[in-house]
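To be precise, the following lines are upload-v2.txt, and they hold compact mmCIF, C-alpha atoms and all ligand atoms.
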```
# COMPACT_ATOMS: atom_id res chain seq x y z
CA VAL A 1 19.71 -14.01 1.06
CA LEU A 2 18.15 -14.75 -2.31
CA LEU A 3 15.13 -12.78 -3.54
CA CYS A 4 13.13 -14.45 -6.31
CA ASP A 5 10.55 -12.04 -7.71
CA ALA A 6 8.70 -12.90 -10.91
CA ARG A 7 7.47 -9.29 -11.20
CA ASP A 8 4.11 -10.33 -12.61
CA PRO A 9 1.85 -7.85 -14.41
CA GLY A 10 -0.44 -6.47 -11.70
CA ARG A 11 2.38 -6.25 -9.12
CA ALA A 12 0.75 -3.96 -6.56
CA THR A 13 3.92 -2.13 -5.55
CA ASP A 14 4.26 -0.77 -9.09
CA ALA A 15 0.74 0.69 -9.06
CA GLY A 16 0.17 1.75 -5.43
CA ALA A 17 -0.80 5.36 -4.75
CA GLY A 18 1.57 5.47 -1.78
CA ILE A 19 -0.43 7.43 0.79
CA ILE A 20 0.86 7.07 4.34
CA SER A 21 -1.76 8.55 6.70
CA HIS A 22 -3.22 6.50 9.54
CA GLU A 23 -4.55 9.74 11.10
CA THR A 24 -7.18 10.14 8.37
CA ASN A 25 -8.06 6.44 8.02
CA THR A 26 -11.38 5.42 9.59
CA ARG A 27 -10.86 1.67 9.58
CA ASP A 28 -11.33 0.31 13.06
CA ALA A 29 -9.01 -2.67 13.23
CA SER A 30 -6.83 -1.54 16.10
CA PRO A 31 -3.97 -4.03 15.49
CA TRP A 32 -3.69 -2.42 12.07
CA ARG A 33 -3.38 1.01 13.72
CA THR A 34 -0.52 -0.17 15.94
CA LEU A 35 1.44 -1.29 12.89
CA ALA A 36 0.47 1.67 10.71
CA ARG A 37 1.58 4.22 13.33
CA MET A 38 4.88 2.46 13.82
CA ALA A 39 5.43 2.10 10.08
CA ALA A 40 4.71 5.79 9.46
CA GLU A 41 7.15 6.76 12.22
CA GLU A 42 9.93 4.61 10.80
CA TYR A 43 9.63 5.83 7.20
CA PRO A 44 11.53 9.16 7.48
CA THR A 45 14.57 7.49 9.06
CA LEU A 46 14.61 4.77 6.42
CA ALA A 47 14.19 7.31 3.60
CA ARG A 48 17.05 9.44 4.98
CA ALA A 49 19.30 6.39 5.25
CA LEU A 50 18.59 5.46 1.61
CA GLU A 51 19.15 9.05 0.47
CA ALA A 52 22.47 9.19 2.31
CA GLU A 53 23.93 6.11 0.65
CA GLN A 54 22.59 6.27 -2.92
CA PRO A 55 22.16 8.83 -5.67
CA GLY A 56 18.57 9.60 -6.68
CA ASP A 57 15.38 10.22 -4.77
CA PRO A 58 13.74 7.21 -3.05
CA GLY A 59 10.40 8.96 -3.55
CA TYR A 60 9.28 9.63 0.04
CA GLY A 61 7.89 13.03 1.06
CA ARG A 62 5.83 14.35 3.96
CA ILE A 63 3.49 16.70 2.10
CA GLY A 64 0.35 16.61 4.29
CA MET A 65 -3.15 15.56 3.30
CA LEU A 66 -6.47 17.34 2.93
CA VAL A 67 -9.77 15.55 3.48
CA VAL A 68 -12.56 17.50 1.80
CA ALA A 69 -16.35 17.58 1.55
CA VAL A 70 -17.33 19.24 -1.72
CA ASP A 71 -21.14 19.30 -1.53
CA PRO A 72 -23.79 19.70 1.20
CA ASP A 73 -24.44 15.93 1.40
CA GLU A 74 -20.77 15.26 2.07
CA ALA A 75 -20.67 18.13 4.54
CA LYS A 76 -23.31 16.25 6.57
CA LEU A 77 -21.05 13.18 6.64
CA PHE A 78 -18.09 15.23 7.76
CA ASP A 79 -18.90 15.41 11.50
CA ARG A 80 -19.56 11.67 11.51
CA TYR A 81 -16.18 11.13 9.84
CA GLN A 82 -14.43 13.21 12.53
CA SER A 83 -16.26 11.35 15.32
CA ARG A 84 -15.14 8.01 13.89
CA LEU A 85 -11.53 9.17 13.83
CA ARG A 86 -11.79 10.32 17.45
CA ALA A 87 -13.35 7.00 18.46
CA HIS A 88 -10.21 5.28 17.15
CA GLY A 89 -7.93 7.69 19.03
CA GLU A 90 -7.02 9.47 15.77
CA GLY A 91 -7.51 12.89 14.29
CA GLY A 92 -5.81 14.73 17.18
CA SER A 93 -3.34 16.49 14.94
CA LEU A 94 -5.84 17.24 12.16
CA LEU A 95 -6.66 20.88 11.61
CA GLU A 96 -9.91 22.20 10.15
CA VAL A 97 -9.00 24.65 7.37
CA THR A 98 -11.02 27.14 5.32
CA ALA A 99 -12.05 26.54 1.72
CA ALA A 100 -9.50 29.13 0.59
CA GLU A 101 -6.69 27.38 2.49
CA ALA A 102 -7.76 24.06 1.01
CA ARG A 103 -7.61 25.54 -2.50
CA ASP A 104 -4.13 26.93 -1.75
CA ARG A 105 -2.98 23.45 -0.89
CA PHE A 106 -4.74 21.79 -3.85
CA PRO A 107 -5.51 24.44 -6.49
CA ALA A 108 -7.59 22.10 -8.70
CA LEU A 109 -10.35 22.17 -6.06
CA GLU A 110 -13.30 24.47 -6.69
CA ARG A 111 -16.19 24.12 -4.28
CA VAL A 112 -15.21 23.14 -0.73
CA GLU A 113 -17.77 22.82 2.09
CA ARG A 114 -15.48 21.48 4.84
CA ALA A 115 -11.81 20.55 4.91
CA LEU A 116 -9.38 18.96 7.33
CA PHE A 117 -5.60 18.95 7.00
CA ASP A 118 -3.29 16.22 8.29
CA PRO A 119 0.21 17.79 8.41
CA GLY A 120 1.89 14.43 9.13
CA ALA A 121 0.67 12.58 6.02
CA ALA A 122 3.28 11.44 3.53
CA ARG A 123 3.48 9.80 0.14
CA VAL A 124 5.89 7.29 -1.26
CA ASP A 125 6.60 6.18 -4.82
CA GLY A 126 6.45 2.38 -4.55
CA ARG A 127 8.63 1.82 -7.61
CA SER A 128 11.42 4.18 -6.52
CA PHE A 129 11.35 3.17 -2.87
CA GLU A 130 11.39 -0.55 -3.61
CA SER A 131 14.23 -0.15 -6.05
CA ALA A 132 16.22 1.93 -3.51
CA LEU A 133 15.61 -0.68 -0.80
CA ARG A 134 16.64 -3.47 -3.15
CA ALA A 135 19.83 -1.63 -4.15
CA ALA A 136 20.68 -1.08 -0.48
CA ALA A 137 20.13 -4.77 0.25
CA GLU A 138 22.19 -5.82 -2.79
CA GLY A 139 24.99 -3.66 -1.44
CA ARG A 140 24.84 -5.84 1.69
CA GLY A 141 24.95 -9.14 -0.18
CA LEU A 142 21.36 -9.77 -1.34
CA GLU A 143 21.12 -11.75 -4.60
CA THR A 144 18.08 -11.15 -6.76
CA ARG A 145 16.56 -13.17 -9.60
CA ARG A 146 13.61 -12.31 -11.77
CA ASP A 147 12.26 -15.82 -11.59
CA ARG A 148 9.21 -17.71 -10.42
CA ILE A 149 9.30 -20.18 -7.52
CA GLU A 150 7.36 -23.12 -8.89
CA HIS A 151 7.74 -25.57 -6.06
CA LEU A 152 8.71 -25.75 -2.39
CA VAL A 153 10.52 -28.94 -1.38
CA VAL A 154 9.15 -29.94 2.02
CA GLU A 155 10.94 -32.56 4.13
CA ARG A 156 9.03 -33.44 7.28
CA ASP A 157 8.47 -30.08 9.04
CA ARG A 158 10.91 -27.97 7.01
CA VAL A 159 11.23 -26.45 3.57
CA SER A 160 14.61 -27.73 2.41
CA ALA A 161 14.70 -26.05 -0.99
CA VAL A 162 12.81 -23.88 -3.45
CA GLU A 163 12.66 -24.69 -7.15
CA THR A 164 12.25 -22.44 -10.13
CA GLN A 165 11.77 -23.75 -13.65
CA HIS A 166 15.54 -23.62 -14.14
CA GLU A 167 17.21 -24.31 -10.81
CA ALA A 168 16.85 -25.36 -7.18
CA HIS A 169 18.10 -23.39 -4.20
CA SER A 170 18.59 -24.99 -0.83
CA ALA A 171 16.94 -22.98 1.94
CA ALA A 172 17.74 -22.47 5.61
CA ALA A 173 14.52 -20.47 5.91
CA ILE A 174 12.00 -18.95 3.51
CA ALA A 175 9.76 -15.89 3.64
CA ILE A 176 6.67 -15.88 1.44
CA CYS A 177 5.98 -12.34 0.21
CA GLY A 178 4.15 -13.10 -3.01
CA GLY A 179 1.45 -10.46 -2.68
CA ALA A 180 -1.89 -11.50 -4.16
CA TRP A 181 -0.26 -14.68 -5.50
CA SER A 182 0.79 -15.94 -2.04
CA ALA A 183 -2.10 -18.40 -1.55
CA ARG A 184 -0.46 -20.75 -4.04
CA PHE A 185 2.43 -21.28 -1.60
CA GLY A 186 0.01 -22.11 1.20
CA ALA A 187 -1.46 -24.91 -0.88
CA GLN A 188 2.04 -26.48 -1.09
CA LEU A 189 2.50 -26.23 2.68
CA GLY A 190 -0.89 -27.63 3.62
CA VAL A 191 -2.22 -24.36 5.05
CA GLU A 192 -4.69 -21.87 3.73
CA LEU A 193 -3.18 -18.42 3.19
CA ALA A 194 -6.35 -16.34 3.02
CA VAL A 195 -5.27 -13.77 0.48
CA GLU A 196 -7.04 -12.79 -2.74
CA PRO A 197 -6.39 -10.23 -5.45
CA GLN A 198 -8.37 -6.99 -5.36
CA ARG A 199 -7.81 -4.99 -8.54
CA GLY A 200 -7.06 -1.29 -8.28
CA GLN A 201 -6.93 1.06 -11.26
CA ILE A 202 -5.30 4.45 -10.85
CA ALA A 203 -4.96 7.19 -13.48
CA HIS A 204 -1.88 9.37 -13.88
CA LEU A 205 -2.58 12.89 -15.10
CA GLU A 206 -0.27 15.68 -16.19
CA LEU A 207 -1.13 19.34 -15.84
CA VAL A 208 0.86 21.30 -18.39
CA ASP A 209 2.81 24.33 -17.06
CA THR A 210 1.61 23.72 -13.50
CA ASP A 211 3.92 23.56 -10.51
CA THR A 212 2.47 20.83 -8.32
CA SER A 213 5.52 20.57 -6.06
CA GLY A 214 3.79 22.40 -3.19
CA TRP A 215 0.44 20.56 -3.46
CA SER A 216 -0.88 18.31 -0.67
CA LEU A 217 -2.42 14.87 -0.91
CA LEU A 218 -6.19 14.99 -1.19
CA SER A 219 -8.86 12.57 -0.09
CA GLY A 220 -12.59 12.74 -0.63
CA LEU A 221 -14.99 11.09 1.79
CA HIS A 222 -15.60 8.10 -0.51
CA ASP A 223 -12.34 6.12 -0.81
CA HIS A 224 -11.00 8.11 -3.77
CA TYR A 225 -7.90 10.27 -3.46
CA MET A 226 -5.29 12.25 -5.37
CA VAL A 227 -1.53 12.13 -5.05
CA PRO A 228 0.49 15.05 -6.42
CA TRP A 229 4.07 14.71 -7.61
CA PRO A 230 6.41 17.43 -8.87
CA GLY A 231 6.25 18.31 -12.58
CA GLY A 232 2.47 18.72 -12.92
CA HIS A 233 1.90 15.03 -12.18
CA VAL A 234 -1.22 13.98 -10.19
CA ALA A 235 -2.28 10.35 -9.67
CA VAL A 236 -6.02 9.88 -9.08
CA GLY A 237 -7.72 6.72 -7.93
CA ALA A 238 -8.48 4.13 -7.25
CA THR A 239 -10.96 1.34 -7.90
CA ARG A 240 -11.34 -1.44 -5.32
CA GLU A 241 -12.52 -4.44 -7.33
CA ASP A 242 -13.13 -7.53 -5.23
CA GLY A 243 -13.47 -10.76 -7.18
CA SER A 244 -11.26 -9.43 -10.00
CA GLY A 245 -9.06 -12.52 -10.00
CA PHE A 246 -5.61 -12.06 -11.54
CA ASP A 247 -6.99 -10.03 -14.41
CA ALA A 248 -4.68 -7.00 -14.36
CA ARG A 249 -6.37 -5.08 -17.17
CA THR A 250 -7.43 -1.47 -17.47
CA THR A 251 -11.19 -1.43 -17.99
CA ALA A 252 -13.55 1.19 -19.37
CA ALA A 253 -15.66 1.14 -16.21
CA GLY A 254 -12.60 1.43 -13.97
CA VAL A 255 -11.20 4.42 -15.82
CA ARG A 256 -14.60 6.08 -15.89
CA GLN A 257 -15.00 5.62 -12.14
CA VAL A 258 -11.63 7.12 -11.20
CA LEU A 259 -11.95 10.06 -13.60
CA ASP A 260 -15.57 10.78 -12.59
CA GLN A 261 -14.62 10.91 -8.92
CA ALA A 262 -11.49 12.98 -9.53
CA LEU A 263 -13.28 15.59 -11.63
CA ARG A 264 -16.25 15.75 -9.29
CA VAL A 265 -13.96 16.65 -6.38
CA ALA A 266 -11.31 18.64 -8.29
CA PRO A 267 -12.80 20.03 -11.53
CA GLY A 268 -9.56 21.92 -12.14
CA LEU A 269 -8.05 18.64 -13.36
CA ALA A 270 -10.41 18.47 -16.37
CA ASN A 271 -7.88 19.70 -18.90
CA ALA A 272 -5.03 17.50 -17.65
CA THR A 273 -3.42 15.02 -20.04
CA LEU A 274 -4.23 11.38 -19.27
CA ARG A 275 -0.72 9.89 -19.30
CA GLU A 276 -1.20 6.38 -18.01
CA VAL A 277 -3.52 4.07 -16.09
CA ARG A 278 -1.75 1.67 -13.74
CA VAL A 279 -3.36 -1.52 -12.49
CA GLY A 280 -2.35 -3.36 -9.35
CA LEU A 281 -3.69 -6.43 -7.55
CA ARG A 282 -3.89 -5.66 -3.84
CA PRO A 283 -3.28 -8.72 -1.66
CA ARG A 284 -6.52 -8.63 0.31
CA THR A 285 -7.39 -10.72 3.40
CA PRO A 286 -10.94 -11.17 4.74
CA ASP A 287 -10.28 -9.00 7.84
CA LEU A 288 -7.97 -6.55 6.03
CA LEU A 289 -5.11 -7.35 8.40
CA PRO A 290 -1.83 -8.67 6.98
CA LEU A 291 -0.64 -12.24 7.39
CA LEU A 292 2.59 -11.99 9.38
CA GLY A 293 4.33 -14.83 11.11
CA GLN A 294 5.41 -18.44 10.97
CA ILE A 295 3.59 -20.97 8.82
CA PRO A 296 1.98 -23.38 11.29
CA GLY A 297 3.62 -26.78 11.29
CA VAL A 298 6.60 -25.69 9.18
CA ARG A 299 9.57 -24.69 11.29
CA ASN A 300 11.48 -22.53 8.80
CA ALA A 301 8.74 -20.90 6.69
CA TRP A 302 7.44 -17.40 7.31
CA VAL A 303 4.92 -15.20 5.61
CA ALA A 304 4.59 -11.44 5.15
CA THR A 305 1.69 -10.68 2.86
CA GLY A 306 -1.96 -9.62 2.76
CA HIS A 307 -1.25 -5.93 3.27
CA GLY A 308 -4.25 -4.98 1.12
CA PRO A 309 -4.77 -1.26 0.56
CA THR A 310 -1.99 -0.17 2.93
CA GLY A 311 0.99 -2.29 1.92
CA LEU A 312 3.21 0.58 0.86
CA THR A 313 2.74 1.98 4.37
CA LEU A 314 3.29 -1.30 6.21
CA GLY A 315 5.69 -3.17 3.89
CA PRO A 316 9.08 -1.93 5.14
CA LEU A 317 8.05 -2.50 8.77
CA SER A 318 6.63 -5.97 8.06
CA GLY A 319 9.88 -6.88 6.32
CA ARG A 320 11.91 -5.76 9.32
CA LEU A 321 9.69 -7.67 11.78
CA ILE A 322 9.77 -10.93 9.82
CA ALA A 323 13.53 -10.64 9.29
CA ALA A 324 13.89 -10.31 13.08
CA CYS A 325 11.75 -13.43 13.62
CA ILE A 326 13.81 -15.46 11.14
CA GLY A 327 16.98 -14.29 12.88
CA GLY A 328 15.61 -15.59 16.19
CA GLU A 329 15.11 -12.12 17.64
CA ASP A 330 12.05 -10.75 19.41
CA PRO A 331 10.29 -8.52 16.83
CA GLY A 332 9.12 -6.26 19.68
CA VAL A 333 5.54 -6.29 18.37
CA ASP A 334 2.80 -8.75 19.25
CA LEU A 335 2.18 -10.55 15.96
CA THR A 336 -0.67 -12.70 17.32
CA PRO A 337 -3.43 -10.67 15.59
CA PHE A 338 -1.66 -11.29 12.27
CA ARG A 339 -1.12 -15.06 12.59
CA PRO A 340 -1.63 -16.62 9.18
CA ASP A 341 -3.85 -19.37 10.70
CA ARG A 342 -6.18 -17.03 12.64
CA PRO A 343 -9.89 -17.72 12.22
CA PHE A 344 -11.64 -15.40 9.78
CA VAL A 345 -15.24 -14.43 10.36
CA SER A 346 -16.97 -14.16 7.01
C1 LIG B 401 -4.25 1.22 -7.01
C2 LIG B 401 -3.56 0.93 -5.69
C3 LIG B 401 -3.43 1.94 -4.75
C4 LIG B 401 -2.79 1.69 -3.54
N1 LIG B 401 -2.59 2.72 -2.68
C5 LIG B 401 -1.90 2.52 -1.53
C6 LIG B 401 -1.68 3.60 -0.64
O1 LIG B 401 -2.07 4.74 -0.92
N2 LIG B 401 -0.99 3.36 0.51
C7 LIG B 401 -0.51 2.13 0.81
O2 LIG B 401 0.11 1.98 1.87
N3 LIG B 401 -0.72 1.07 -0.01
C8 LIG B 401 -1.41 1.24 -1.17
N4 LIG B 401 -1.66 0.18 -2.00
C9 LIG B 401 -1.34 -1.18 -1.55
C10 LIG B 401 0.08 -1.61 -1.84
O3 LIG B 401 0.47 -1.21 -3.13
C11 LIG B 401 0.21 -3.13 -1.69
O4 LIG B 401 -0.36 -3.57 -0.48
C12 LIG B 401 1.67 -3.56 -1.68
O5 LIG B 401 2.35 -2.97 -2.77
C13 LIG B 401 1.78 -5.08 -1.74
O6 LIG B 401 3.13 -5.41 -1.84
P1 LIG B 401 3.58 -6.93 -2.01
O7 LIG B 401 5.06 -6.90 -2.16
O8 LIG B 401 2.98 -7.76 -0.95
O9 LIG B 401 2.86 -7.41 -3.36
P2 LIG B 401 3.28 -7.09 -4.87
O10 LIG B 401 3.83 -5.71 -4.99
O11 LIG B 401 2.11 -7.45 -5.71
O12 LIG B 401 4.48 -8.07 -5.15
C14 LIG B 401 4.32 -9.46 -5.11
C15 LIG B 401 5.40 -10.01 -5.99
O13 LIG B 401 5.49 -11.43 -5.76
C16 LIG B 401 5.78 -12.01 -7.01
N5 LIG B 401 5.45 -13.42 -6.98
C17 LIG B 401 4.23 -14.00 -6.75
N6 LIG B 401 4.33 -15.34 -6.81
C18 LIG B 401 5.64 -15.61 -7.07
C19 LIG B 401 6.37 -16.82 -7.24
N7 LIG B 401 5.78 -18.02 -7.19
N8 LIG B 401 7.71 -16.74 -7.49
C20 LIG B 401 8.32 -15.53 -7.56
N9 LIG B 401 7.67 -14.36 -7.42
C21 LIG B 401 6.35 -14.40 -7.17
C22 LIG B 401 4.90 -11.23 -7.98
O14 LIG B 401 5.35 -11.42 -9.32
C23 LIG B 401 5.08 -9.81 -7.47
O15 LIG B 401 6.16 -9.16 -8.11
C24 LIG B 401 -2.30 0.39 -3.23
C25 LIG B 401 -2.44 -0.62 -4.18
C26 LIG B 401 -3.06 -0.37 -5.39
C27 LIG B 401 -3.19 -1.48 -6.41
```

Would you give me this structure, written as structure tokens?
Amino acid sequence: VLLCDARDPGRATDAGAGIISHETNTRDASPWRTLARMAAEEYPTLARALEAEQPGDPGYGRIGMLVVAVDPDEAKLFDRYQSRLRAHGEGGSLLEVTAAEARDRFPALERVERALFDPGAARVDGRSFESALRAAAEGRGLETRRDRIEHLVVERDRVSAVETQHEAHSAAAIAICGGAWSARFGAQLGVELAVEPQRGQIAHLELVDTDTSGWSLLSGLHDHYMVPWPGGHVAVGATREDGSGFDARTTAAGVRQVLDQALRVAPGLANATLREVRVGLRPRTPDLLPLLGQIPGVRNAWVATGHGPTGLTLGPLSGRLIAACIGGEDPGVDLTPFRPDRPFVS
């Protein structure tokens, strides 16, 4: 297997926050829930397998997540939030905790009106996990090139080769996993791959002389969240900028938004050092479900993209499912809701 990855600026995997928590997610697309549950269940086994065969930490940890309301207005939304989770069959393992318990789990919090804790939530470092997966695959014969596929050679109903600027590679089968850039491949295959970039900016803070190793993930009620790492490191984000195009820049408004939200919820972060702002282009589809399956009309071309805001959660599972399909096996999951040629209601 040959992996060609151009590693463009704005590569989402390098910027993703890495929260894995379907229990606290209110989105109602049930096919997404089926995948997200399965993906979350498979992660620990995969992480242990990577840890067992390589030095270094692949960056996965089950550290639990708090969802907090920090003012009376948010407290009013809290019951509605819980009802929505229940309506989707979620929230069963969430525990309501006191303000003091919430502050124990995330000491930068000050005022807390209501708080829930999801003990099963995990976080993953996209950079470390992807590099561990790639090393494991290389150990099993994968070849990798940092190169851009410029052109797909299509002969009747098959892709016979892929071409970079420098060389051509014959292909028995191809899998398109180009993130936000994937639509360009669809154009060459005569199908529309409905994926667009959605920019996300996320700030990385460092709290000096603070042991964050026992902190939990934290989510507010308005999309923004915080991801603690050992060594005083806390990532806070993120913007969701539709219509951003492939403009992977840090902007003044983006940084202001993520810092405003972080300090509103957790004022104890105010004195942290701003180390870095990462920018990623989420591959977003109109219905927020991934595109997974065979390219219609092309016998040996497959796609696994469009994972939007939850691609670090779903990615390893999607890869396994599409690999099974290419190998002629039953993936064991109904991929119909994710067909790349499904109709999208705008
Ligand atoms: C700020 C932010 C926060 C996020 N938080 C979370 C989270 O908490 N939980 C979660 O589950 N997910 C999260 N995500 C989403 C997740 O990061 C993405 O869904 C996922 O990383 C997408 O992976 P991908 O491999 O499809 O795309 P990418 O990581 O973008 O990779 C696509 C790659 O394809 C390459 N490529 C494109 N075209 C070509 C070509 N022609 N030839 C060769 N290579 C090509 C690109 O250069 C790039 O390296 C977040 C994303 C962002 C930006």

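Using only C-alpha atoms and all ligand atoms, the nearest neighbour of ligand LIG 401 (chain B) within the list A:Val67, A:Leu259, A:Leu321, A:Val227 is A:Val227.
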
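Across the structure, atom CA of His233 of chain A and atom CA of Ala262 of chain A are spaced 13.8 Å apart.
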
- Can you tell me which residues sit at most 7 Å away from ligand LIG 401 (chain B), counting only C-alpha atoms and all ligand atoms, written as a ChimeraX atom specification? /A:4-8,10-20,126,147-150,177-182,199-202,237-239,279-283,305-315

- Judged by all atoms listed in the file, the minimum distance to Ala122 of chain A among A:Pro228, A:Gly61, A:Pro31, A:Gly243 is found for A:Gly61

- Distance in Å - atom CA of Asp57 of chain A versus atom CA of Leu217 of chain A: 18.8 Å

- Query: atom CA of Val124 of chain A and atom CA of Arg184 of chain A, how far apart in Å?
  - Reply: 28.9 Å

- Task: Give me the residues within 10 Å of Val1 of chain A as a ChimeraX atom specification, counting all atoms listed in the file and dropping any in the same chain fewer than 2 places off.
- Result: /A:3-4,137-138,140-144,171-174

Write out, as a PDB file, in the coordinates of the input, the residues just selected, with C-alpha atoms.
```pdb
ATOM      1  CA  LEU A   3      15.130 -12.780  -3.540  1.00  0.00           C
ATOM      2  CA  CYS A   4      13.130 -14.450  -6.310  1.00  0.00           C
ATOM      3  CA  ALA A 137      20.130  -4.770   0.250  1.00  0.00           C
ATOM      4  CA  GLU A 138      22.190  -5.820  -2.790  1.00  0.00           C
ATOM      5  CA  ARG A 140      24.840  -5.840   1.690  1.00  0.00           C
ATOM      6  CA  GLY A 141      24.950  -9.140  -0.180  1.00  0.00           C
ATOM      7  CA  LEU A 142      21.360  -9.770  -1.340  1.00  0.00           C
ATOM      8  CA  GLU A 143      21.120 -11.750  -4.600  1.00  0.00           C
ATOM      9  CA  THR A 144      18.080 -11.150  -6.760  1.00  0.00           C
ATOM     10  CA  ALA A 171      16.940 -22.980   1.940  1.00  0.00           C
ATOM     11  CA  ALA A 172      17.740 -22.470   5.610  1.00  0.00           C
ATOM     12  CA  ALA A 173      14.520 -20.470   5.910  1.00  0.00           C
ATOM     13  CA  ILE A 174      12.000 -18.950   3.510  1.00  0.00           C
TER      14      ILE A 174
END
```

- Any idea what's packed within 8 Å of Gln188 of chain A, counting only C-alpha atoms, ignoring anything in its chain fewer than 3 positions away? Could you give it as an NGL selection string? :A and (151-152 or 184-185 or 191)

Closest contacts (segment 32-123 of chain A/segment 324-339 of chain A, max 12 Å, all atoms listed in the file) as a Markdown table:
```
| residue | atom | partner | partner_atom | distance |
| --- | --- | --- | --- | --- |
| A:Trp32 | CA | A:Pro337 | CA | 9.0 |
| A:Arg33 | CA | A:Pro337 | CA | 11.8 |
| A:Thr34 | CA | A:Val333 | CA | 8.9 |
| A:Leu35 | CA | A:Val333 | CA | 8.5 |
| A:Met38 | CA | A:Val333 | CA | 9.9 |
| A:Ala39 | CA | A:Val333 | CA | 11.8 |
```

Segment 140-157 of chain A, all listed atoms, 3 Å padding on each side: what axis-aligned box centre and edge lengths in Å to one decimal come out, as lines of an AutoDock Vina configuration file?
```
center_x = 16.2
center_y = -19.6
center_z = -1.4
size_x = 23.6
size_y = 33.6
size_z = 26.8
```

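Remark: for Arg158 of chain A, the closest of the candidate residues A:Ala132, A:Asp71, A:Thr285, A:Leu189 is A:Leu189 (distances computed over all atoms listed in the file).
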
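Considering all atoms listed in the file, the residue among A:Ser160, A:Gln198, A:Ser128, A:Thr24 positioned nearest to Leu95 of chain A is A:Thr24.
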
- Message: So that I can see what lies close to Tyr81 of chain A, please list as an MDAnalysis selection string the residues with an atom at most 10 Å from it, counting only C-alpha atoms and leaving out residues fewer than 6 positions away in the same chain.
- Response: chainID A and resid 24:26 74:75 87 91 221

Can I get the selected residues back with C-alpha atoms, as a compact mmCIF listing (two decimals), in the coordinates of the input?
```
# COMPACT_ATOMS: atom_id res chain seq x y z
CA THR A 24 -7.18 10.14 8.37
CA ASN A 25 -8.06 6.44 8.02
CA THR A 26 -11.38 5.42 9.59
CA GLU A 74 -20.77 15.26 2.07
CA ALA A 75 -20.67 18.13 4.54
CA ALA A 87 -13.35 7.00 18.46
CA GLY A 91 -7.51 12.89 14.29
CA LEU A 221 -14.99 11.09 1.79
```

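Nearest to Pro9 of chain A of all the residues A:Thr273, A:Thr210, A:Thr250, A:Ser21 is A:Thr250, based on only C-alpha atoms.
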
Missing atoms in segment 12-25 of chain A should be modelled up to N, CA and C atoms and reported as a PDB file, in the coordinates of the input.
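Here's the written file rebuild_29.pdb:
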```pdb
ATOM      1  N   ALA A  12       1.403  -5.113  -7.212  1.00  0.00           N
ATOM      2  CA  ALA A  12       0.750  -3.960  -6.560  1.00  0.00           C
ATOM      3  C   ALA A  12       1.722  -2.819  -6.278  1.00  0.00           C
ATOM      4  N   THR A  13       2.950  -3.164  -5.920  1.00  0.00           N
ATOM      5  CA  THR A  13       3.920  -2.130  -5.550  1.00  0.00           C
ATOM      6  C   THR A  13       4.173  -1.156  -6.706  1.00  0.00           C
ATOM      7  N   ASP A  14       4.028  -1.640  -7.936  1.00  0.00           N
ATOM      8  CA  ASP A  14       4.260  -0.770  -9.090  1.00  0.00           C
ATOM      9  C   ASP A  14       3.085   0.163  -9.363  1.00  0.00           C
ATOM     10  N   ALA A  15       1.942  -0.108  -8.757  1.00  0.00           N
ATOM     11  CA  ALA A  15       0.740   0.690  -9.060  1.00  0.00           C
ATOM     12  C   ALA A  15       0.256   1.494  -7.852  1.00  0.00           C
ATOM     13  N   GLY A  16       0.714   1.159  -6.657  1.00  0.00           N
ATOM     14  CA  GLY A  16       0.170   1.750  -5.430  1.00  0.00           C
ATOM     15  C   GLY A  16       0.250   3.267  -5.422  1.00  0.00           C
ATOM     16  N   ALA A  17      -0.769   3.900  -4.826  1.00  0.00           N
ATOM     17  CA  ALA A  17      -0.800   5.360  -4.750  1.00  0.00           C
ATOM     18  C   ALA A  17       0.253   5.873  -3.769  1.00  0.00           C
ATOM     19  N   GLY A  18       0.485   5.128  -2.702  1.00  0.00           N
ATOM     20  CA  GLY A  18       1.570   5.470  -1.780  1.00  0.00           C
ATOM     21  C   GLY A  18       1.223   6.458  -0.692  1.00  0.00           C
ATOM     22  N   ILE A  19      -0.054   6.525  -0.306  1.00  0.00           N
ATOM     23  CA  ILE A  19      -0.430   7.430   0.790  1.00  0.00           C
ATOM     24  C   ILE A  19      -0.085   6.777   2.124  1.00  0.00           C
ATOM     25  N   ILE A  20       0.536   7.546   2.996  1.00  0.00           N
ATOM     26  CA  ILE A  20       0.860   7.070   4.340  1.00  0.00           C
ATOM     27  C   ILE A  20       0.167   8.018   5.318  1.00  0.00           C
ATOM     28  N   SER A  21      -0.991   7.625   5.846  1.00  0.00           N
ATOM     29  CA  SER A  21      -1.760   8.550   6.700  1.00  0.00           C
ATOM     30  C   SER A  21      -2.758   7.788   7.556  1.00  0.00           C
ATOM     31  N   HIS A  22      -2.285   7.207   8.656  1.00  0.00           N
ATOM     32  CA  HIS A  22      -3.220   6.500   9.540  1.00  0.00           C
ATOM     33  C   HIS A  22      -4.170   7.471  10.236  1.00  0.00           C
ATOM     34  N   GLU A  23      -3.734   8.742  10.390  1.00  0.00           N
ATOM     35  CA  GLU A  23      -4.550   9.740  11.100  1.00  0.00           C
ATOM     36  C   GLU A  23      -5.905   9.965  10.416  1.00  0.00           C
ATOM     37  N   THR A  24      -5.941   9.838   9.084  1.00  0.00           N
ATOM     38  CA  THR A  24      -7.180  10.140   8.370  1.00  0.00           C
ATOM     39  C   THR A  24      -7.959   8.881   7.998  1.00  0.00           C
ATOM     40  N   ASN A  25      -7.455   7.716   8.429  1.00  0.00           N
ATOM     41  CA  ASN A  25      -8.060   6.440   8.020  1.00  0.00           C
ATOM     42  C   ASN A  25      -9.087   6.012   9.062  1.00  0.00           C
TER      43      ASN A  25
END
```
